[in-house]
>>> print(open('target.txt').read())   # compact mmCIF, C-alpha atoms and all ligand atoms
# COMPACT_ATOMS: atom_id res chain seq x y z
CA MET X 13 0.00 0.00 0.00
CA MET X 14 1.32 3.41 -0.94
CA LEU X 15 0.23 6.94 -0.29
CA THR X 16 -1.65 7.90 -3.46
CA ASP X 17 -0.36 10.88 -5.47
CA TYR X 18 2.97 10.56 -3.73
CA ILE X 19 6.02 9.47 -5.68
CA ILE X 20 8.61 7.60 -3.65
CA PRO X 21 12.06 8.20 -5.15
CA GLN X 22 14.50 5.35 -5.78
CA THR X 23 17.44 7.09 -4.13
CA GLN X 24 17.92 9.45 -1.22
CA ILE X 25 20.44 11.29 0.96
CA ALA X 26 21.82 9.20 3.85
CA ALA X 27 24.65 9.51 6.39
CA ILE X 28 26.60 6.23 6.44
CA ILE X 29 29.51 4.82 8.42
CA GLU X 30 31.33 1.90 6.79
CA GLU X 31 33.47 0.97 9.78
CA ALA X 32 33.56 1.83 13.49
CA GLY X 33 35.58 5.00 13.98
CA GLY X 34 35.65 5.51 10.19
CA ASP X 35 34.63 8.58 8.25
CA LEU X 36 30.97 9.58 8.18
CA GLN X 37 29.87 9.80 4.55
CA ILE X 38 26.92 11.76 3.24
CA ARG X 39 25.66 9.86 0.17
CA LYS X 40 23.15 11.27 -2.28
CA ASP X 41 22.40 8.01 -4.08
CA HIS X 42 21.49 5.63 -1.28
CA PRO X 43 18.64 3.30 -2.35
CA VAL X 44 15.13 3.66 -0.89
CA LYS X 45 13.40 0.33 -0.20
CA SER X 46 10.48 0.14 -2.62
CA PRO X 47 6.96 -0.39 -1.20
CA GLU X 48 6.74 -3.75 -3.01
CA GLU X 49 9.78 -4.99 -1.07
CA LEU X 50 8.33 -4.19 2.37
CA ALA X 51 7.57 -7.29 4.45
CA PRO X 52 4.21 -7.60 6.24
CA GLY X 53 4.32 -5.38 9.32
CA GLU X 54 6.94 -3.07 7.83
CA CYS X 55 6.24 0.52 6.84
CA LEU X 56 8.20 3.18 5.00
CA VAL X 57 8.41 6.55 6.77
CA LYS X 58 9.40 9.75 4.96
CA LEU X 59 11.28 11.61 7.66
CA ASP X 60 10.82 15.29 8.46
CA CYS X 61 13.71 15.30 10.91
CA SER X 62 15.82 13.30 13.35
CA GLY X 63 17.44 14.22 16.64
CA ALA X 64 21.14 13.39 17.07
CA CYS X 65 21.76 11.49 20.32
CA HIS X 66 25.09 10.79 22.01
CA SER X 67 24.35 7.06 21.49
CA ASP X 68 24.73 7.71 17.74
CA LEU X 69 28.19 9.04 18.46
CA HIS X 70 29.03 5.94 20.55
CA ALA X 71 27.88 3.84 17.54
CA ALA X 72 29.97 5.88 15.10
CA ILE X 73 33.10 5.65 17.27
CA GLY X 74 32.41 2.03 18.19
CA ASP X 75 33.23 2.43 21.91
CA TRP X 76 30.49 0.14 23.27
CA PRO X 77 31.13 -3.53 24.12
CA VAL X 78 28.25 -4.64 21.86
CA PRO X 79 29.27 -3.93 18.24
CA PRO X 80 26.86 -2.20 15.80
CA ARG X 81 25.95 -3.65 12.42
CA LEU X 82 28.16 -2.22 9.66
CA PRO X 83 27.84 -0.42 7.30
CA LEU X 84 25.36 1.57 9.35
CA ILE X 85 22.95 4.46 9.04
CA GLY X 86 22.59 5.82 12.57
CA GLY X 87 19.73 7.78 14.13
CA HIS X 88 16.80 6.90 16.40
CA GLU X 89 14.88 10.09 17.13
CA GLY X 90 12.99 10.36 13.83
CA VAL X 91 9.60 11.85 12.98
CA GLY X 92 7.88 11.57 9.60
CA ILE X 93 4.91 10.41 7.55
CA VAL X 94 3.97 6.80 6.77
CA VAL X 95 4.11 6.69 2.96
CA ALA X 96 3.87 2.91 2.42
CA ILE X 97 2.88 -0.22 4.37
CA GLY X 98 3.97 -3.76 3.45
CA LYS X 99 1.31 -5.81 1.68
CA ASN X 100 -0.50 -8.47 3.75
CA THR X 101 -0.01 -6.39 6.91
CA VAL X 102 -2.97 -7.17 9.16
CA GLU X 103 -4.58 -4.85 11.71
CA SER X 104 -2.03 -2.08 11.40
CA PRO X 105 -2.45 0.46 14.23
CA VAL X 106 -1.21 3.18 11.85
CA LYS X 107 -2.40 4.13 8.38
CA LEU X 108 -0.91 5.83 5.35
CA GLY X 109 -0.40 9.56 5.94
CA ASP X 110 -0.05 9.25 9.75
CA ARG X 111 2.78 11.17 11.40
CA VAL X 112 4.84 8.81 13.55
CA GLY X 113 8.05 8.63 15.57
CA ILE X 114 10.93 6.15 15.35
CA LYS X 115 12.63 5.19 18.62
CA TRP X 116 15.86 3.37 19.60
CA ILE X 117 13.86 0.14 19.86
CA ALA X 118 12.67 -0.31 16.29
CA ASN X 119 10.78 -3.56 16.97
CA SER X 120 10.49 -6.36 19.52
CA CYS X 121 8.75 -9.75 19.49
CA LEU X 122 5.97 -8.69 21.95
CA ASN X 123 5.58 -12.34 23.02
CA CYS X 124 8.56 -13.19 25.23
CA GLU X 125 8.74 -12.84 29.00
CA GLN X 126 10.55 -9.48 28.78
CA CYS X 127 7.99 -8.03 26.35
CA ARG X 128 5.06 -9.37 28.39
CA LYS X 129 6.52 -7.78 31.52
CA GLY X 130 6.79 -4.40 29.79
CA ARG X 131 10.55 -4.56 29.24
CA GLU X 132 10.32 -4.65 25.45
CA GLN X 133 13.75 -3.01 25.29
CA ASN X 134 15.26 -6.17 26.83
CA CYS X 135 13.63 -8.56 24.33
CA VAL X 136 16.36 -10.77 22.82
CA LYS X 137 14.81 -10.18 19.40
CA ALA X 138 14.66 -6.37 19.81
CA LEU X 139 15.98 -4.40 16.84
CA CYS X 140 17.77 -1.12 17.56
CA SER X 141 17.27 1.74 15.16
CA GLY X 142 20.62 3.13 14.04
CA TYR X 143 22.50 0.25 15.66
CA THR X 144 21.32 -3.17 14.50
CA VAL X 145 19.03 -1.84 11.72
CA ASP X 146 19.42 1.32 9.63
CA GLY X 147 18.10 4.37 11.43
CA THR X 148 16.85 7.88 10.83
CA PHE X 149 19.88 9.69 9.37
CA GLN X 150 18.30 9.27 5.94
CA GLU X 151 15.22 10.62 4.18
CA TYR X 152 13.25 7.36 4.16
CA VAL X 153 13.44 4.74 6.91
CA VAL X 154 11.91 1.26 7.07
CA SER X 155 10.09 0.76 10.36
CA TYR X 156 7.40 -1.42 11.95
CA VAL X 157 3.69 -0.61 12.19
CA ASN X 158 3.37 -2.06 15.70
CA TYR X 159 6.27 -0.04 17.01
CA VAL X 160 6.14 3.47 15.57
CA THR X 161 4.79 6.10 17.98
CA PRO X 162 1.86 8.23 16.78
CA ILE X 163 2.68 11.93 17.09
CA PRO X 164 -0.24 14.11 18.25
CA GLU X 165 -1.42 16.89 15.99
CA GLY X 166 -0.14 20.22 17.23
CA LEU X 167 3.24 18.91 18.36
CA PRO X 168 5.68 19.89 15.58
CA SER X 169 7.95 17.12 14.30
CA ASP X 170 11.19 18.83 15.35
CA ALA X 171 9.81 19.48 18.83
CA ALA X 172 8.77 15.82 19.16
CA ALA X 173 11.91 14.15 17.78
CA SER X 174 14.14 14.09 20.87
CA ILE X 175 11.33 13.02 23.17
CA LEU X 176 11.52 9.66 21.33
CA CYS X 177 14.88 8.72 22.85
CA ALA X 178 16.16 11.35 25.29
CA GLY X 179 12.69 12.10 26.66
CA VAL X 180 11.48 8.50 26.92
CA THR X 181 14.73 7.40 28.57
CA VAL X 182 14.73 9.95 31.37
CA TYR X 183 10.95 9.74 31.79
CA ARG X 184 11.19 5.97 32.37
CA ALA X 185 14.18 6.35 34.72
CA LEU X 186 12.31 8.93 36.79
CA LYS X 187 9.23 6.68 36.90
CA SER X 188 11.44 3.93 38.36
CA SER X 189 13.28 6.23 40.77
CA GLN X 190 11.08 5.62 43.85
CA THR X 191 10.97 9.37 44.48
CA SER X 192 8.16 11.48 45.90
CA ALA X 193 7.28 15.15 45.42
CA GLY X 194 9.65 17.31 47.44
CA ASP X 195 12.59 14.89 47.15
CA TRP X 196 16.00 16.08 45.96
CA ILE X 197 17.41 14.66 42.73
CA VAL X 198 20.92 15.29 41.38
CA ILE X 199 21.28 15.23 37.58
CA PRO X 200 24.89 15.01 36.31
CA GLY X 201 24.79 15.85 32.57
CA ALA X 202 21.84 18.22 33.11
CA GLY X 203 22.73 20.55 30.20
CA GLY X 204 22.84 17.79 27.57
CA GLY X 205 20.11 16.11 25.50
CA LEU X 206 18.87 13.66 28.13
CA GLY X 207 19.76 15.89 31.06
CA HIS X 208 17.79 19.02 30.14
CA LEU X 209 14.69 16.88 29.61
CA ALA X 210 15.35 15.08 32.91
CA VAL X 211 15.32 18.46 34.69
CA GLN X 212 11.85 19.14 33.24
CA TYR X 213 10.32 15.69 33.78
CA ALA X 214 11.70 15.76 37.34
CA ARG X 215 10.13 19.18 37.99
CA ILE X 216 6.69 18.03 36.88
CA ARG X 217 7.00 15.14 39.37
CA GLY X 218 7.55 17.78 42.05
CA LEU X 219 11.23 16.93 42.56
CA ARG X 220 13.85 19.47 43.60
CA VAL X 221 16.70 19.47 41.08
CA ILE X 222 20.43 19.90 41.57
CA ALA X 223 21.92 20.22 38.07
CA ILE X 224 25.55 19.27 37.38
CA ASP X 225 27.25 20.14 34.09
CA THR X 226 29.59 22.82 32.84
CA GLY X 227 29.55 26.26 31.15
CA ALA X 228 27.43 29.40 31.37
CA GLU X 229 24.98 28.42 28.62
CA LYS X 230 24.12 25.07 30.23
CA LYS X 231 23.88 26.75 33.62
CA ASN X 232 21.38 29.31 32.30
CA LEU X 233 19.30 26.62 30.60
CA CYS X 234 19.16 24.40 33.71
CA LEU X 235 18.19 27.26 36.01
CA LYS X 236 15.61 28.51 33.50
CA LEU X 237 14.10 25.00 33.40
CA GLY X 238 13.66 25.00 37.17
CA ALA X 239 16.84 23.55 38.71
CA GLU X 240 17.26 25.02 42.21
CA LYS X 241 21.01 24.54 42.35
CA TRP X 242 23.77 24.50 39.74
CA ILE X 243 27.15 22.81 40.18
CA ASP X 244 29.87 23.21 37.52
CA PHE X 245 31.81 19.92 37.52
CA LYS X 246 34.87 21.58 36.00
CA GLU X 247 35.03 24.43 38.51
CA ASN X 248 33.80 22.80 41.68
CA LYS X 249 36.40 20.80 43.59
CA ASP X 250 34.06 19.14 46.10
CA ILE X 251 30.74 18.09 44.57
CA VAL X 252 29.86 15.81 47.51
CA LYS X 253 30.16 18.70 49.95
CA GLU X 254 28.10 21.03 47.72
CA VAL X 255 25.27 18.51 47.37
CA ARG X 256 25.24 17.77 51.10
CA GLU X 257 25.12 21.49 51.92
CA VAL X 258 22.07 22.10 49.74
CA THR X 259 20.27 19.06 51.15
CA ASP X 260 20.54 20.00 54.86
CA GLY X 261 23.64 17.85 55.30
CA LEU X 262 21.72 14.65 54.50
CA GLY X 263 22.43 14.12 50.79
CA ALA X 264 20.03 13.71 47.88
CA HIS X 265 17.20 11.17 47.66
CA SER X 266 18.20 10.19 44.14
CA VAL X 267 20.71 10.71 41.34
CA LEU X 268 19.94 10.32 37.65
CA VAL X 269 23.21 10.15 35.74
CA THR X 270 22.73 11.35 32.17
CA ALA X 271 26.40 12.18 31.53
CA SER X 272 28.16 10.20 28.81
CA SER X 273 31.41 10.06 30.81
CA SER X 274 32.33 7.78 33.70
CA GLU X 275 33.15 10.84 35.86
CA GLY X 276 29.44 11.61 36.02
CA TYR X 277 29.01 8.43 38.10
CA GLU X 278 31.84 9.06 40.51
CA GLN X 279 30.85 10.16 44.01
CA ALA X 280 27.14 9.61 43.33
CA ILE X 281 26.83 7.10 46.17
CA GLU X 282 28.66 9.47 48.49
CA TYR X 283 26.17 12.28 48.02
CA LEU X 284 23.07 10.07 48.30
CA ARG X 285 21.26 10.02 51.65
CA PRO X 286 20.40 6.69 53.30
CA GLY X 287 17.71 4.88 51.29
CA GLY X 288 18.80 6.80 48.17
CA ILE X 289 18.70 5.47 44.63
CA LEU X 290 21.22 5.81 41.82
CA MET X 291 19.53 5.70 38.40
CA CYS X 292 22.01 4.97 35.61
CA ASN X 293 21.20 6.30 32.13
CA GLY X 294 24.55 7.51 30.73
CA LEU X 295 26.44 4.82 28.80
CA PRO X 296 30.22 5.31 28.91
CA GLY X 297 31.44 2.23 27.02
CA SER X 298 34.14 0.83 29.24
CA ALA X 299 33.46 2.40 32.64
CA THR X 300 32.77 0.36 35.75
CA LEU X 301 30.75 1.40 38.77
CA SER X 302 32.83 1.39 41.89
CA ALA X 303 31.15 1.88 45.22
CA SER X 304 31.95 1.03 48.81
CA VAL X 305 30.09 -2.21 49.55
CA PHE X 306 30.01 -1.24 53.21
CA PHE X 307 28.30 2.12 52.64
CA THR X 308 25.99 0.73 49.92
CA VAL X 309 24.69 -1.77 52.49
CA PHE X 310 24.92 0.48 55.54
CA LYS X 311 23.03 3.30 53.77
CA SER X 312 20.53 0.92 52.05
CA ILE X 313 21.45 2.30 48.62
CA THR X 314 19.77 1.06 45.42
CA ILE X 315 21.70 1.04 42.11
CA CYS X 316 19.46 0.72 39.08
CA GLY X 317 20.19 0.58 35.34
CA SER X 318 17.49 2.05 33.10
CA TYR X 319 17.48 1.47 29.35
CA VAL X 320 15.22 3.60 27.08
CA GLY X 321 11.54 2.67 27.59
CA ASN X 322 8.66 0.65 26.18
CA ARG X 323 5.88 1.79 23.83
CA GLN X 324 3.71 2.93 26.75
CA ASP X 325 6.55 5.04 28.20
CA ALA X 326 6.93 6.64 24.77
CA LEU X 327 3.23 7.52 24.54
CA GLU X 328 3.28 9.02 28.04
CA ALA X 329 6.47 11.03 27.46
CA ILE X 330 5.11 12.33 24.13
CA ASP X 331 1.74 13.21 25.66
CA ILE X 332 3.44 15.34 28.31
CA ALA X 333 5.40 17.17 25.59
CA ALA X 334 2.26 17.60 23.46
CA ARG X 335 0.58 19.30 26.43
CA GLY X 336 3.50 21.76 26.54
CA LEU X 337 4.76 20.66 29.97
CA VAL X 338 8.18 19.62 28.67
CA LYS X 339 9.98 21.28 25.76
CA VAL X 340 13.07 20.13 23.91
CA HIS X 341 15.67 22.91 23.68
CA PHE X 342 17.08 22.40 20.17
CA VAL X 343 18.48 23.95 17.02
CA ASN X 344 17.72 22.68 13.51
CA ARG X 345 20.59 21.81 11.19
CA PRO X 346 20.90 19.93 7.86
CA LEU X 347 21.81 16.21 7.81
CA ALA X 348 25.07 17.14 6.08
CA ASP X 349 26.21 18.82 9.34
CA LEU X 350 26.15 15.55 11.31
CA LYS X 351 29.94 15.25 11.52
CA ASP X 352 30.16 18.72 12.99
CA VAL X 353 27.38 17.84 15.45
CA TYR X 354 29.43 14.83 16.61
CA ASN X 355 32.43 17.12 17.13
CA GLY X 356 30.25 19.40 19.25
CA MET X 357 29.10 16.41 21.34
CA MET X 358 32.68 15.29 21.90
CA ASN X 359 33.68 18.78 23.01
CA GLY X 360 30.58 19.18 25.16
CA THR X 361 29.47 22.34 23.35
CA ILE X 362 25.94 21.24 22.43
CA VAL X 363 23.37 22.72 24.80
CA GLY X 364 20.23 20.55 24.76
CA ARG X 365 19.90 18.88 21.35
CA VAL X 366 20.53 19.26 17.63
CA VAL X 367 17.69 18.15 15.36
CA LEU X 368 18.59 17.36 11.75
CA ASP X 369 15.99 18.81 9.39
CA MET X 370 15.68 16.65 6.25
CA SER X 371 14.24 19.55 4.21
CA LYS X 372 17.40 21.64 4.78
CA LYS X 373 19.91 20.85 2.08
P1 LIG S 1 24.94 14.84 25.55
O1 LIG S 1 26.31 14.88 24.97
O2 LIG S 1 23.88 15.65 24.91
O3 LIG S 1 24.96 15.22 27.10
C1 LIG S 1 25.90 14.73 28.00
C2 LIG S 1 26.18 15.86 28.99
O4 LIG S 1 27.00 15.35 30.03
C3 LIG S 1 26.93 17.04 28.38
O5 LIG S 1 26.20 18.25 28.60
C4 LIG S 1 28.27 17.05 29.12
O6 LIG S 1 28.77 18.36 29.33
C5 LIG S 1 27.86 16.39 30.44
N1 LIG S 1 28.97 15.83 31.21
C6 LIG S 1 30.11 15.25 30.78
N2 LIG S 1 30.87 14.87 31.82
C7 LIG S 1 30.20 15.21 32.95
C8 LIG S 1 30.48 15.10 34.34
N3 LIG S 1 31.62 14.54 34.78
N4 LIG S 1 29.57 15.55 35.23
C9 LIG S 1 28.42 16.13 34.80
N5 LIG S 1 28.10 16.28 33.48
C10 LIG S 1 28.98 15.83 32.58
O7 LIG S 1 24.53 13.29 25.54
P2 LIG S 1 23.06 12.63 25.58
O8 LIG S 1 22.56 12.44 24.20
O9 LIG S 1 22.24 13.33 26.58
O10 LIG S 1 23.43 11.16 26.11
C11 LIG S 1 24.06 10.99 27.37
C12 LIG S 1 24.44 9.55 27.61
O11 LIG S 1 23.25 8.78 27.75
C13 LIG S 1 25.22 8.90 26.47
O12 LIG S 1 26.20 8.03 27.00
C14 LIG S 1 24.16 8.12 25.72
O13 LIG S 1 24.68 7.03 24.99
C15 LIG S 1 23.34 7.65 26.89
N6 LIG S 1 21.97 7.23 26.56
C16 LIG S 1 21.45 6.22 27.31
C17 LIG S 1 20.17 5.80 27.07
C18 LIG S 1 19.59 4.70 27.90
O14 LIG S 1 18.68 4.02 27.45
N7 LIG S 1 20.05 4.49 29.12
C19 LIG S 1 19.40 6.40 26.06
C20 LIG S 1 19.95 7.45 25.34
C21 LIG S 1 21.24 7.87 25.60
ZN ZN S 2 19.39 8.05 22.03
>>> encode(input="target.txt", output="structure tokens")
Amino acid sequence: MMLTDYIIPQTQIAAIIEEAGGDLQIRKDHPVKSPEELAPGECLVKLDCSGACHSDLHAAIGDWPVPPRLPLIGGHEGVGIVVAIGKNTVESPVKLGDRVGIKWIANSCLNCEQCRKGREQNCVKALCSGYTVDGTFQEYVVSYVNYVTPIPEGLPSDAAASILCAGVTVYRALKSSQTSAGDWIVIPGAGGGLGHLAVQYARIRGLRVIAIDTGAEKKNLCLKLGAEKWIDFKENKDIVKEVREVTDGLGAHSVLVTASSSEGYEQAIEYLRPGGILMCNGLPGSATLSASVFFTVFKSITICGSYVGNRQDALEAIDIAARGLVKVHFVNRPLADLKDVYNGMMNGTIVGRVVLDMSKK
């Protein structure tokens, strides 16, 4: 099935890496999968835009212990229009012309124990957009009717894009954080893509935010978004002391690490109060968590990994954004700028997110 009156081209622009750590190539003649080739359950989405997440940079560098498929088209924060659906697809929840989002989890089996328990992201058959299947750094992406996220009317595509990974991830982590309104949460990485959304989702849960990151621009953004305290990790010599001081000497109830570096995790257990919880989102490839066993037990500390979210988390996170309660702070740039965006991520100069606009050439 194809969108009538719409001509799907045979080739498109795509950003491709041939080998881990290799050059990122912008190709103008990458093939588009034709509607006839789509398998049942697959759909073709013409993308308006895609956010660029630090996970895409990890994939491009190849610094994670699980290798990506190569050659690879990265990207997993895409929004676009369904222009074709594979023939013999039954009971598709989306139809031609719908505007949908593509997430890190591109598809899962929906029938295994993990899927049934709502941990679709841990399904052994899960496909990862921009990691194990081609992602959204191209004009047309193949996705799955049961997995795309409907985007509500009124929420522009570029404003929705980064909710699909950064937003969903921190929203799910906060949901699992066993916190109550009035609790203190520390967010290392608060000025980045995940972090600035974590500040906002935390605020609407009634949490009191201590933001940790670096630089005047990130400081201004975090304070504007409602953080009560700012700590610059490059300038401040004693983060544990600072956090304790703000929290009446007791320490924070929770920490949500959204930094991409291992340093973001250091000291977290020291500045948690007894009964506190460390939520781990940031994914430095080769870092290990080191914590005093004695104080982890003695202070009844919980350490919890949290990996993206399921389809329900995505709908909830998107709904909150559609109601204007959370807003992605982003700039639009063309796909051809992706290499430069990666350089900005490596240098820590990107405040919030960059969204790649497919109509900008
Ligand atoms: P980003 O580059 O936009 O933001 C990271 C921020 O961390 C930057 O602002 C940087 O200045 C800050 N930072 C670096 N070192 C720090 C330190 N020592 N203390 C405090 N802040 C520090 O990256 P992003 O797109 O937000 O992604 C962040 C991490 O989360 C990446 O490792 C990414 O792969 C990971 N991630 C995990 C999931 C998941 O499911 N758990 C999902 C998406 C992304
Ligand atoms: Zn991501």
>>> residues_near_ligand(input="target.txt", ligand="ligand LIG 1 (chain S)", cutoff="7 Å", atoms="only C-alpha atoms and all ligand atoms", output="PyMOL selection string")
chain X and resi 65-67+70+177-178+181+200-207+224-226+245+270-276+292-296+318-320+357+360+362-365
>>> atom_distance(input="target.txt", atom1="CA of Leu50 in chain X", atom2="CA of Ala171 in chain X")
28.9 Å
>>> closest_residue(input="target.txt", among="X:His88, X:Arg217, X:Arg323, X:Arg184", to="ligand ZN 2 (chain S)", atoms="all atoms listed in the file")
X:His88
>>> atom_distance(input="target.txt", atom1="CA of Lys40 in chain X", atom2="CA of Thr23 in chain X")
7.3 Å
>>> residues_around(input="target.txt", residues="Phe310 in chain X", least_positions_apart="2", cutoff="12 Å", atoms="all atoms listed in the file", output="list of chain:residue names")
X:Ile281, X:Arg285, X:Pro286, X:Gly287, X:Gly288, X:Ser304, X:Val305, X:Phe306, X:Phe307, X:Thr308, X:Ser312, X:Ile313, X:Thr314
>>> atom_distance(input="target.txt", atom1="CA of Ala280 in chain X", atom2="CA of Ala185 in chain X")
15.9 Å
>>> residues_around(input="target.txt", residues="Tyr354 in chain X", least_positions_apart="6", cutoff="9 Å", atoms="all atoms listed in the file", output="PDB file with C-alpha atoms, in the frame of the given file")
ATOM      1  CA  ALA X  64      21.140  13.390  17.070  1.00  0.00           C
ATOM      2  CA  HIS X  66      25.090  10.790  22.010  1.00  0.00           C
ATOM      3  CA  ASP X  68      24.730   7.710  17.740  1.00  0.00           C
ATOM      4  CA  LEU X  69      28.190   9.040  18.460  1.00  0.00           C
TER       5      LEU X  69
END
>>> residues_near_point(input="target.txt", point="(21.5, 18.6, 3.8)", cutoff="10 Å", atoms="all atoms listed in the file", output="list in words")
Ile25, Ala26, Ala27, Ile38, Lys40, Arg345, Pro346, Leu347, Ala348, Asp349, Leu350, Leu368, Asp369, Met370, Ser371, Lys372 and Lys373 of chain X
>>> residues_around(input="target.txt", residues="range 256-267 of chain X", least_positions_apart="6", cutoff="6 Å", atoms="only C-alpha atoms", output="ChimeraX atom specification")
/X:195-199,283-285,288-291
>>> write_last_selection(input="target.txt", atoms="C-alpha atoms", output="CSV table (one decimal), in the coordinates of the input")
chain,number,residue,atom,x,y,z
X,195,ASP,CA,12.6,14.9,47.2
X,196,TRP,CA,16.0,16.1,46.0
X,197,ILE,CA,17.4,14.7,42.7
X,198,VAL,CA,20.9,15.3,41.4
X,199,ILE,CA,21.3,15.2,37.6
X,283,TYR,CA,26.2,12.3,48.0
X,284,LEU,CA,23.1,10.1,48.3
X,285,ARG,CA,21.3,10.0,51.6
X,288,GLY,CA,18.8,6.8,48.2
X,289,ILE,CA,18.7,5.5,44.6
X,290,LEU,CA,21.2,5.8,41.8
X,291,MET,CA,19.5,5.7,38.4
>>> closest_atom_pairs(input="target.txt", of="range 95-116 of chain X", to="range 133-155 of chain X", cutoff="8 Å", atoms="all atoms listed in the file", output="JSON lines")
{"residue": "X:Ile114", "atom": "CA", "partner": "X:Ser155", "partner_atom": "CA", "distance": 7.4}
{"residue": "X:Lys115", "atom": "CA", "partner": "X:Ser141", "partner_atom": "CA", "distance": 6.7}
{"residue": "X:Trp116", "atom": "CA", "partner": "X:Ser141", "partner_atom": "CA", "distance": 4.9}
>>> write_last_selection(input="target.txt", atoms="C-alpha atoms", output="compact mmCIF listing (two decimals), in the frame of the given file")
# COMPACT_ATOMS: atom_id res chain seq x y z
CA ILE X 114 10.93 6.15 15.35
CA LYS X 115 12.63 5.19 18.62
CA TRP X 116 15.86 3.37 19.60
>>> closest_residue(input="target.txt", among="X:Gly356, X:Gly194, X:Gly90, X:Pro105", to="Asp60 in chain X", atoms="only C-alpha atoms")
X:Gly90
>>> closest_residue(input="target.txt", among="X:Leu59, X:Glu328, X:Gly33, X:Gly238", to="Gly74 in chain X", atoms="all atoms listed in the file")
X:Gly33
>>> closest_residue(input="target.txt", among="X:Gly227, X:Leu15, X:Lys45, X:Leu36", to="Asp352 in chain X", atoms="all atoms listed in the file")
X:Leu36
>>> closest_residue(input="target.txt", among="X:Gly317, X:Gly336, X:Pro79, X:Gly63", to="ligand ZN 2 (chain S)", atoms="only C-alpha atoms and all ligand atoms")
X:Gly63
>>> decode(input="target.txt", residues="range 74-86 of chain X", atoms="C-alpha atoms", output="PDB file, in the first residue's frame")
ATOM      1  CA  GLY X  74      32.411   2.026  18.191  1.00  0.00           C
ATOM      2  CA  ASP X  75      33.229   2.428  21.912  1.00  0.00           C
ATOM      3  CA  TRP X  76      30.489   0.143  23.265  1.00  0.00           C
ATOM      4  CA  PRO X  77      31.135  -3.527  24.118  1.00  0.00           C
ATOM      5  CA  VAL X  78      28.248  -4.637  21.862  1.00  0.00           C
ATOM      6  CA  PRO X  79      29.270  -3.934  18.240  1.00  0.00           C
ATOM      7  CA  PRO X  80      26.856  -2.198  15.795  1.00  0.00           C
ATOM      8  CA  ARG X  81      25.953  -3.655  12.417  1.00  0.00           C
ATOM      9  CA  LEU X  82      28.159  -2.216   9.658  1.00  0.00           C
ATOM     10  CA  PRO X  83      27.843  -0.420   7.305  1.00  0.00           C
ATOM     11  CA  LEU X  84      25.365   1.567   9.347  1.00  0.00           C
ATOM     12  CA  ILE X  85      22.948   4.462   9.036  1.00  0.00           C
ATOM     13  CA  GLY X  86      22.588   5.822  12.569  1.00  0.00           C
TER      14      GLY X  86
END
